[in-house]
Amino acid sequence: MNQKESKNSIQVIERMMRLLDVLAESPNAVSLKIAAGKAGLHPSTAHRILTALVRDRMVERVDQGSYRLGMRLLELGNLVKSRISVREHALPFMRELHAASGEAVNLSVRRDDEIVYIERTSSGRSLMRVVNIIGARAPLHITAVGKLFLLDEGAEEVKAYAERTGLPSFTRNTIHALPALEKELDRIRRQGYAIDNEEAELGVRCIGAAIHDDTGALVAGLSVSAPAERMKPAWSALVKETAEKISRALGYRGSPA
């Protein structure tokens, strides 16, 4: 392909994207005249490109001369979504948070009644056994992120979790009674982040915030772990902000609680 052909191909792609953007902005089918005008194209050029897109199911012709986005875009979108890795999107932001705090940053997901740690950036300054190995698990009620998942489930499910597990203690700080857990979850709801106050391991504290996907579902949690004497309450805002960045990278457009 020579330089002229390459330039023409790029120009066609740019025009195609402008037309798709026009169709995406409208909840209803768009006429050829309006689509061409908004895309800054001659009607004949717009018609030629739209005809090709209709052939490939990227666009549907609704009525004579009216168009809307096609089902193939939905199929491709679902495929992209299925391949999105929370870990892949989170890692760059985890590194930023690690650089800002100098402490271990953890990414975890829920599996049944436990949190599973799927990624970690280590401070290298201390050994924290709770999350020392990727794949380690911990009960929901003793971890910052686990509490976020309990809060997300609602009061009845929290009661069921307490009855099912018995809220076992791991340290003298572990919350082991339902009323205390409910009070803790209410505090988390109000402040927008969770804390593990040496509840999983004495000498280790943690601040966690929620990560949501494009549907608004809570899919993971981000946390900073540090020896109790080094943990800074001011990091809570930083953890929340980083979790929100990851949520936006996953397509979430709301404001995570």
# chains A, B, ... in the order shown; residues from 1 in each chain; ligands from 1
>>> residues_around(residues="Arg57 of chain A", least_positions_apart="3", cutoff="7 Å", atoms="only C-alpha atoms", output="ChimeraX atom specification")
/A:53-54,60,70-72
>>> residues_around(residues="segment 216-230 of chain A", least_positions_apart="3", cutoff="7 Å", atoms="only C-alpha atoms", output="list in words")
Glu103, Ala104, Val105, Asn106, Leu107, Ser108, Val109, Val145, Gly203, Val204, Arg205, Cys206, Ile207, Gly208, Ala209, Ala210, Ile211, His212, Asp213, Val239, Ala243 and Tyr252 of chain A
>>> atom_distance(atom1="atom CA of Ser44 of chain A", atom2="atom CA of Glu25 of chain A")
21.4 Å
>>> residues_around(residues="segment 110-117 of chain A", least_positions_apart="4", cutoff="10 Å", atoms="only C-alpha atoms", output="PyMOL selection string")
chain A and resi 106+130-147+149-150+161+164-165+218-222
>>> residues_around(residues="Leu238 of chain A", least_positions_apart="5", cutoff="9 Å", atoms="only C-alpha atoms", output="ChimeraX atom specification")
/A:97,100-101,243
>>> write_last_selection(atoms="C-alpha atoms", output="short mmCIF file (atom, residue, chain, number, x, y, z; two decimals), in the first residue's frame")
data_model
loop_
_atom_site.label_atom_id
_atom_site.label_comp_id
_atom_site.auth_asym_id
_atom_site.auth_seq_id
_atom_site.Cartn_x
_atom_site.Cartn_y
_atom_site.Cartn_z
CA LEU A 97 -0.68 4.19 44.98
CA ALA A 100 2.61 7.51 46.91
CA SER A 101 2.31 5.48 50.11
CA ALA A 243 -10.26 2.77 43.46
#
>>> atom_distance(atom1="atom CA of Leu74 of chain A", atom2="atom CA of Asp152 of chain A")
28.5 Å
>>> atom_distance(atom1="atom CA of Gly251 of chain A", atom2="atom CA of Ser26 of chain A")
19.9 Å
>>> select_by_dssp(residues="segment 144-250 of chain A", states="strand (DSSP E or B)", output="PyMOL selection string")
chain A and resi 194-197+204-212+218-227
>>> closest_residue(among="A:Ser9, A:Ser85, A:Gln191, A:Ser66", to="Ala36 of chain A", atoms="only C-alpha atoms")
A:Ser66
>>> closest_residue(among="A:Asp196, A:Glu184, A:Glu156, A:Glu119", to="His89 of chain A", atoms="only C-alpha atoms")
A:Glu119
>>> select_by_dssp(residues="segment 31-182 of chain A", states="helix (DSSP H, G or I)", output="VMD selection string")
chain A and resid 32 to 39 43 to 55 71 to 83 86 to 101 129 to 131 140 to 142 144 to 153 155 to 165 178 to 182
